[in-house]
Amino acid sequence: MNGKTMHWVNRLAALGLVVGLVAGLAAAGSAQSVGGQAYSTYVNTPLGSSGQSPLAVLPAVSGTDGAEADAEGSALNVAGALSGDFLNSITSGQIGPAEAGAQSTSSAASVNILNGLITADEVVANVMSSAGQSGAVSDAAGSTLTNLTVAGRSLSGDQAVAPNTNVSLPGVGYVVLNEQIPTGDGVTSSGLTVNMIHVYLQSITGGTGEIIVGSATSSVGP
């Protein structure tokens with residue numbers, strides 16, 4: 001699947017969530033707010049830096065019309081730190097009479113981190129949060145790392161990588177794969193941030209920093 005096709009698949013999936021939220025039966029306790037953001041890349045290292053890009057942030061949501069934001073970029077290249085193509089981000093949300101929800105997705109292709117130390121054909125971060133009569137939940141279903149290699153070792157192929165997989169990078173630091181950070185009480189509120197590749201630099205040219213590829217956040221709450 002190429003980057004453009006992947007963008008529209010992600011877009012349709014997010015829109016499908018928005019449409020589905022208005023069809024629920026009336027119930028008490030629906031969330032009063034939803035939030036979301038997504039970005040494909042972030043670099044903050046002594047080698048160079050780049051902000052969260054391309055960044056999509058969910059606008060304020062009111063009524064049942066919902067809201068959506070998306071952003072895309074052709075490529076990113078921070079010499080020696082990170083390169084990637086077909087960068088896309090999208091986030092959407094809605095507050096319905098019975099339930100509320102938000103979904104965020106980011107993607108990147110041809111990812112190369114630290115001159116080939118970490119590579120992946122495709123990175124997709126996808127999170128969804130919803131709240132209704134049965135409580136509030138979030139998950140990262142649909143998040144993938146395709147043909148991921150770390151220090152020359154294949155870690156994913158086309159299979160899922162377990163949440164919060166930590167891999168040491170001797171002389172550099174470490175990387176957390178499918179990093180998942182939950183929030184909320186699971187009753188009236190829930191949120192989740194997923195960073196598919198999060199490199200923590202501890203010793204490179206005498207400095208520290210971080211590199212993130214594939215980040216998405218969604219949340220629902222009172």
# chains A, B, ... in the order shown; residues from 1 in each chain; ligands from 1
$ closest_atom_pairs --of "range 118-211 of chain A" --to "range 44-61 of chain A" --cutoff "7 Å" --atoms "only C-alpha atoms" --output "Markdown table"
| residue | atom | partner | partner_atom | distance |
| --- | --- | --- | --- | --- |
| A:Gly207 | CA | A:Pro46 | CA | 6.2 |
| A:Thr208 | CA | A:Thr45 | CA | 6.5 |
| A:Gly209 | CA | A:Thr45 | CA | 4.6 |
| A:Glu210 | CA | A:Asn44 | CA | 5.4 |
| A:Ile211 | CA | A:Asn44 | CA | 6.3 |
$ closest_atom_pairs --of "range 155-215 of chain A" --to "range 136-145 of chain A" --cutoff "9 Å" --atoms "only C-alpha atoms" --output "JSON lines"
{"residue": "A:Ser156", "atom": "CA", "partner": "A:Leu145", "partner_atom": "CA", "distance": 6.5}
{"residue": "A:Gly157", "atom": "CA", "partner": "A:Leu145", "partner_atom": "CA", "distance": 7.8}
{"residue": "A:Asp158", "atom": "CA", "partner": "A:Leu145", "partner_atom": "CA", "distance": 7.0}
{"residue": "A:Gln159", "atom": "CA", "partner": "A:Leu145", "partner_atom": "CA", "distance": 7.6}
{"residue": "A:Ala160", "atom": "CA", "partner": "A:Thr144", "partner_atom": "CA", "distance": 6.1}
{"residue": "A:Val161", "atom": "CA", "partner": "A:Leu145", "partner_atom": "CA", "distance": 7.3}
{"residue": "A:Leu177", "atom": "CA", "partner": "A:Leu145", "partner_atom": "CA", "distance": 8.9}
{"residue": "A:Asn178", "atom": "CA", "partner": "A:Ser143", "partner_atom": "CA", "distance": 8.0}
{"residue": "A:Gln180", "atom": "CA", "partner": "A:Ala140", "partner_atom": "CA", "distance": 8.2}
{"residue": "A:Pro182", "atom": "CA", "partner": "A:Ser138", "partner_atom": "CA", "distance": 8.0}
{"residue": "A:Gly184", "atom": "CA", "partner": "A:Ala136", "partner_atom": "CA", "distance": 8.4}
{"residue": "A:Asp185", "atom": "CA", "partner": "A:Ala136", "partner_atom": "CA", "distance": 7.9}
{"residue": "A:Gly186", "atom": "CA", "partner": "A:Ala136", "partner_atom": "CA", "distance": 4.8}
{"residue": "A:Val187", "atom": "CA", "partner": "A:Ala136", "partner_atom": "CA", "distance": 5.1}
{"residue": "A:Thr188", "atom": "CA", "partner": "A:Ala136", "partner_atom": "CA", "distance": 5.6}
{"residue": "A:Ser189", "atom": "CA", "partner": "A:Ala136", "partner_atom": "CA", "distance": 5.5}
{"residue": "A:Ser190", "atom": "CA", "partner": "A:Ala136", "partner_atom": "CA", "distance": 5.5}
{"residue": "A:Gly191", "atom": "CA", "partner": "A:Ser138", "partner_atom": "CA", "distance": 5.9}
{"residue": "A:Leu192", "atom": "CA", "partner": "A:Ser138", "partner_atom": "CA", "distance": 6.1}
{"residue": "A:Thr193", "atom": "CA", "partner": "A:Ala140", "partner_atom": "CA", "distance": 8.5}
{"residue": "A:Val194", "atom": "CA", "partner": "A:Ala140", "partner_atom": "CA", "distance": 7.1}
{"residue": "A:Met196", "atom": "CA", "partner": "A:Leu145", "partner_atom": "CA", "distance": 7.4}
{"residue": "A:Ile197", "atom": "CA", "partner": "A:Leu145", "partner_atom": "CA", "distance": 8.7}
$ write_last_selection --atoms "all heavy atoms" --output "compact mmCIF listing (two decimals), in the first residue's frame"
# COMPACT_ATOMS: atom_id res chain seq x y z
N SER A 156 9.68 -7.21 13.48
CA SER A 156 8.23 -7.25 13.30
C SER A 156 7.76 -7.99 12.07
O SER A 156 6.71 -8.63 12.12
CB SER A 156 7.67 -5.81 13.25
OG SER A 156 8.03 -5.18 12.04
N GLY A 157 8.48 -7.92 10.95
CA GLY A 157 7.90 -8.42 9.71
C GLY A 157 6.59 -7.71 9.49
O GLY A 157 6.52 -6.49 9.48
N ASP A 158 5.50 -8.47 9.36
CA ASP A 158 4.17 -7.87 9.27
C ASP A 158 3.37 -8.11 10.55
O ASP A 158 2.16 -7.94 10.57
CB ASP A 158 3.41 -8.45 8.07
CG ASP A 158 4.03 -8.01 6.75
OD1 ASP A 158 4.44 -6.85 6.66
OD2 ASP A 158 4.10 -8.84 5.83
N GLN A 159 4.03 -8.55 11.61
CA GLN A 159 3.34 -8.88 12.84
C GLN A 159 3.35 -7.70 13.82
O GLN A 159 4.16 -6.79 13.71
CB GLN A 159 4.01 -10.10 13.51
CG GLN A 159 4.09 -11.32 12.62
CD GLN A 159 2.73 -11.78 12.15
OE1 GLN A 159 1.82 -11.94 12.95
NE2 GLN A 159 2.58 -11.99 10.85
N ALA A 160 2.43 -7.76 14.77
CA ALA A 160 2.34 -6.71 15.78
C ALA A 160 3.51 -6.82 16.76
O ALA A 160 4.01 -7.91 17.04
CB ALA A 160 1.02 -6.81 16.51
N VAL A 161 3.97 -5.68 17.24
CA VAL A 161 4.98 -5.62 18.29
C VAL A 161 4.26 -5.36 19.61
O VAL A 161 3.38 -4.49 19.68
CB VAL A 161 6.00 -4.51 18.01
CG1 VAL A 161 6.97 -4.35 19.17
CG2 VAL A 161 6.76 -4.81 16.72
N LEU A 177 9.17 0.53 21.50
CA LEU A 177 8.33 0.26 20.35
C LEU A 177 6.88 0.06 20.79
O LEU A 177 6.63 -0.56 21.82
CB LEU A 177 8.82 -0.99 19.62
CG LEU A 177 10.29 -0.98 19.21
CD1 LEU A 177 10.72 -2.34 18.69
CD2 LEU A 177 10.55 0.11 18.16
N ASN A 178 5.95 0.62 20.04
CA ASN A 178 4.53 0.56 20.41
C ASN A 178 4.33 1.05 21.84
O ASN A 178 3.66 0.43 22.65
CB ASN A 178 4.00 -0.87 20.25
CG ASN A 178 2.49 -0.94 20.28
OD1 ASN A 178 1.79 0.07 20.28
ND2 ASN A 178 1.96 -2.16 20.34
N GLN A 180 2.76 2.84 24.75
CA GLN A 180 1.37 3.18 25.04
C GLN A 180 1.26 3.83 26.41
O GLN A 180 1.71 3.27 27.41
CB GLN A 180 0.48 1.94 24.94
CG GLN A 180 0.45 1.34 23.54
CD GLN A 180 -0.60 0.26 23.36
OE1 GLN A 180 -1.51 0.09 24.20
NE2 GLN A 180 -0.50 -0.49 22.27
N PRO A 182 -1.63 5.34 28.84
CA PRO A 182 -3.07 5.50 29.07
C PRO A 182 -3.36 6.61 30.08
O PRO A 182 -2.53 6.96 30.92
CB PRO A 182 -3.48 4.14 29.63
CG PRO A 182 -2.25 3.67 30.36
CD PRO A 182 -1.07 4.22 29.60
N GLY A 184 -7.12 8.48 32.22
CA GLY A 184 -8.54 8.34 32.52
C GLY A 184 -8.83 7.26 33.55
O GLY A 184 -7.95 6.48 33.94
N ASP A 185 -10.11 7.22 33.98
CA ASP A 185 -10.51 6.27 35.03
C ASP A 185 -11.23 5.04 34.48
O ASP A 185 -11.58 4.13 35.24
CB ASP A 185 -11.39 6.97 36.07
CG ASP A 185 -12.67 7.57 35.49
OD1 ASP A 185 -13.04 7.21 34.35
OD2 ASP A 185 -13.29 8.41 36.17
N GLY A 186 -11.49 4.98 33.17
CA GLY A 186 -12.16 3.83 32.58
C GLY A 186 -13.65 3.77 32.86
O GLY A 186 -14.31 2.82 32.44
N VAL A 187 -14.17 4.78 33.52
CA VAL A 187 -15.60 4.82 33.81
C VAL A 187 -16.26 5.97 33.03
O VAL A 187 -17.12 5.75 32.19
CB VAL A 187 -15.85 4.99 35.33
CG1 VAL A 187 -17.35 5.07 35.61
CG2 VAL A 187 -15.22 3.85 36.10
N THR A 188 -15.84 7.18 33.33
CA THR A 188 -16.36 8.34 32.60
C THR A 188 -15.32 8.96 31.68
O THR A 188 -15.66 9.83 30.88
CB THR A 188 -16.84 9.43 33.58
OG1 THR A 188 -15.73 9.87 34.38
CG2 THR A 188 -17.94 8.89 34.49
N SER A 189 -14.08 8.53 31.78
CA SER A 189 -13.02 9.11 30.95
C SER A 189 -12.00 8.06 30.55
O SER A 189 -11.78 7.08 31.26
CB SER A 189 -12.31 10.25 31.71
OG SER A 189 -11.65 9.76 32.86
N SER A 190 -11.40 8.25 29.39
CA SER A 190 -10.36 7.36 28.92
C SER A 190 -9.54 8.07 27.84
O SER A 190 -10.08 8.86 27.07
CB SER A 190 -10.96 6.07 28.33
OG SER A 190 -9.94 5.18 27.90
N GLY A 191 -8.25 7.79 27.82
CA GLY A 191 -7.39 8.35 26.80
C GLY A 191 -6.19 7.45 26.57
O GLY A 191 -5.85 6.61 27.41
N LEU A 192 -5.57 7.60 25.42
CA LEU A 192 -4.40 6.80 25.10
C LEU A 192 -3.51 7.55 24.11
O LEU A 192 -4.01 8.12 23.14
CB LEU A 192 -4.82 5.46 24.50
CG LEU A 192 -3.70 4.46 24.17
CD1 LEU A 192 -2.98 4.01 25.43
CD2 LEU A 192 -4.25 3.25 23.41
N THR A 193 -2.23 7.55 24.40
CA THR A 193 -1.22 8.02 23.45
C THR A 193 -0.38 6.82 23.04
O THR A 193 0.08 6.05 23.89
CB THR A 193 -0.31 9.09 24.07
OG1 THR A 193 -1.09 10.27 24.33
CG2 THR A 193 0.82 9.46 23.12
N VAL A 194 -0.18 6.65 21.75
CA VAL A 194 0.72 5.61 21.25
C VAL A 194 1.81 6.26 20.43
O VAL A 194 1.53 7.10 19.57
CB VAL A 194 -0.03 4.54 20.44
CG1 VAL A 194 -0.75 5.14 19.24
CG2 VAL A 194 0.92 3.44 19.98
N MET A 196 4.73 4.81 18.12
CA MET A 196 5.14 3.52 17.58
C MET A 196 6.64 3.30 17.66
O MET A 196 7.10 2.19 17.90
CB MET A 196 4.64 3.38 16.14
CG MET A 196 3.13 3.29 16.04
SD MET A 196 2.42 1.99 17.09
CE MET A 196 3.06 0.51 16.28
N ILE A 197 7.43 4.33 17.42
CA ILE A 197 8.89 4.26 17.61
C ILE A 197 9.30 5.48 18.41
O ILE A 197 9.14 6.61 17.96
CB ILE A 197 9.64 4.23 16.27
CG1 ILE A 197 9.20 3.05 15.40
CG2 ILE A 197 11.15 4.17 16.51
CD1 ILE A 197 9.85 3.03 14.01
$ residues_around --residues "Ser107 in chain A" --least-positions-apart "5" --cutoff "7 Å" --atoms "only C-alpha atoms" --output "ChimeraX atom specification"
/A:40,87-89,123-125,214
$ residues_around --residues "Tyr200 in chain A" --least-positions-apart "6" --cutoff "6 Å" --atoms "only C-alpha atoms" --output "PyMOL selection string"
chain A and resi 173-175+210
$ write_last_selection --atoms "C-alpha atoms" --output "mmCIF file, in the first residue's frame"
data_model
loop_
_atom_site.group_PDB
_atom_site.id
_atom_site.type_symbol
_atom_site.label_atom_id
_atom_site.label_comp_id
_atom_site.auth_asym_id
_atom_site.auth_seq_id
_atom_site.Cartn_x
_atom_site.Cartn_y
_atom_site.Cartn_z
ATOM 1 C CA GLY A 173 20.347 4.853 24.391
ATOM 2 C CA TYR A 174 17.216 2.769 23.927
ATOM 3 C CA VAL A 175 14.025 2.600 21.883
ATOM 4 C CA GLU A 210 14.558 11.900 21.399
#
$ atom_distance --atom1 "CA of Gly66 in chain A" --atom2 "CA of Asn195 in chain A"
25.2 Å
$ select_by_dssp --residues "range 81-155 of chain A" --states "strand (DSSP E)" --output "PyMOL selection string"
chain A and resi 82-95+100-113+118-132+135-139+144-146+149-150+153-154
$ closest_residue --among "A:Asn166, A:Ser154, A:Ser62, A:Ser33" --to "Ser129 in chain A" --atoms "only C-alpha atoms"
A:Ser33
$ closest_residue --among "A:Gln32, A:Ser106, A:Ser219, A:Ser168" --to "Asp70 in chain A" --atoms "only C-alpha atoms"
A:Ser106
$ closest_residue --among "A:Ala67, A:Leu114, A:Pro170, A:Pro163" --to "Thr91 in chain A" --atoms "only C-alpha atoms"
A:Ala67
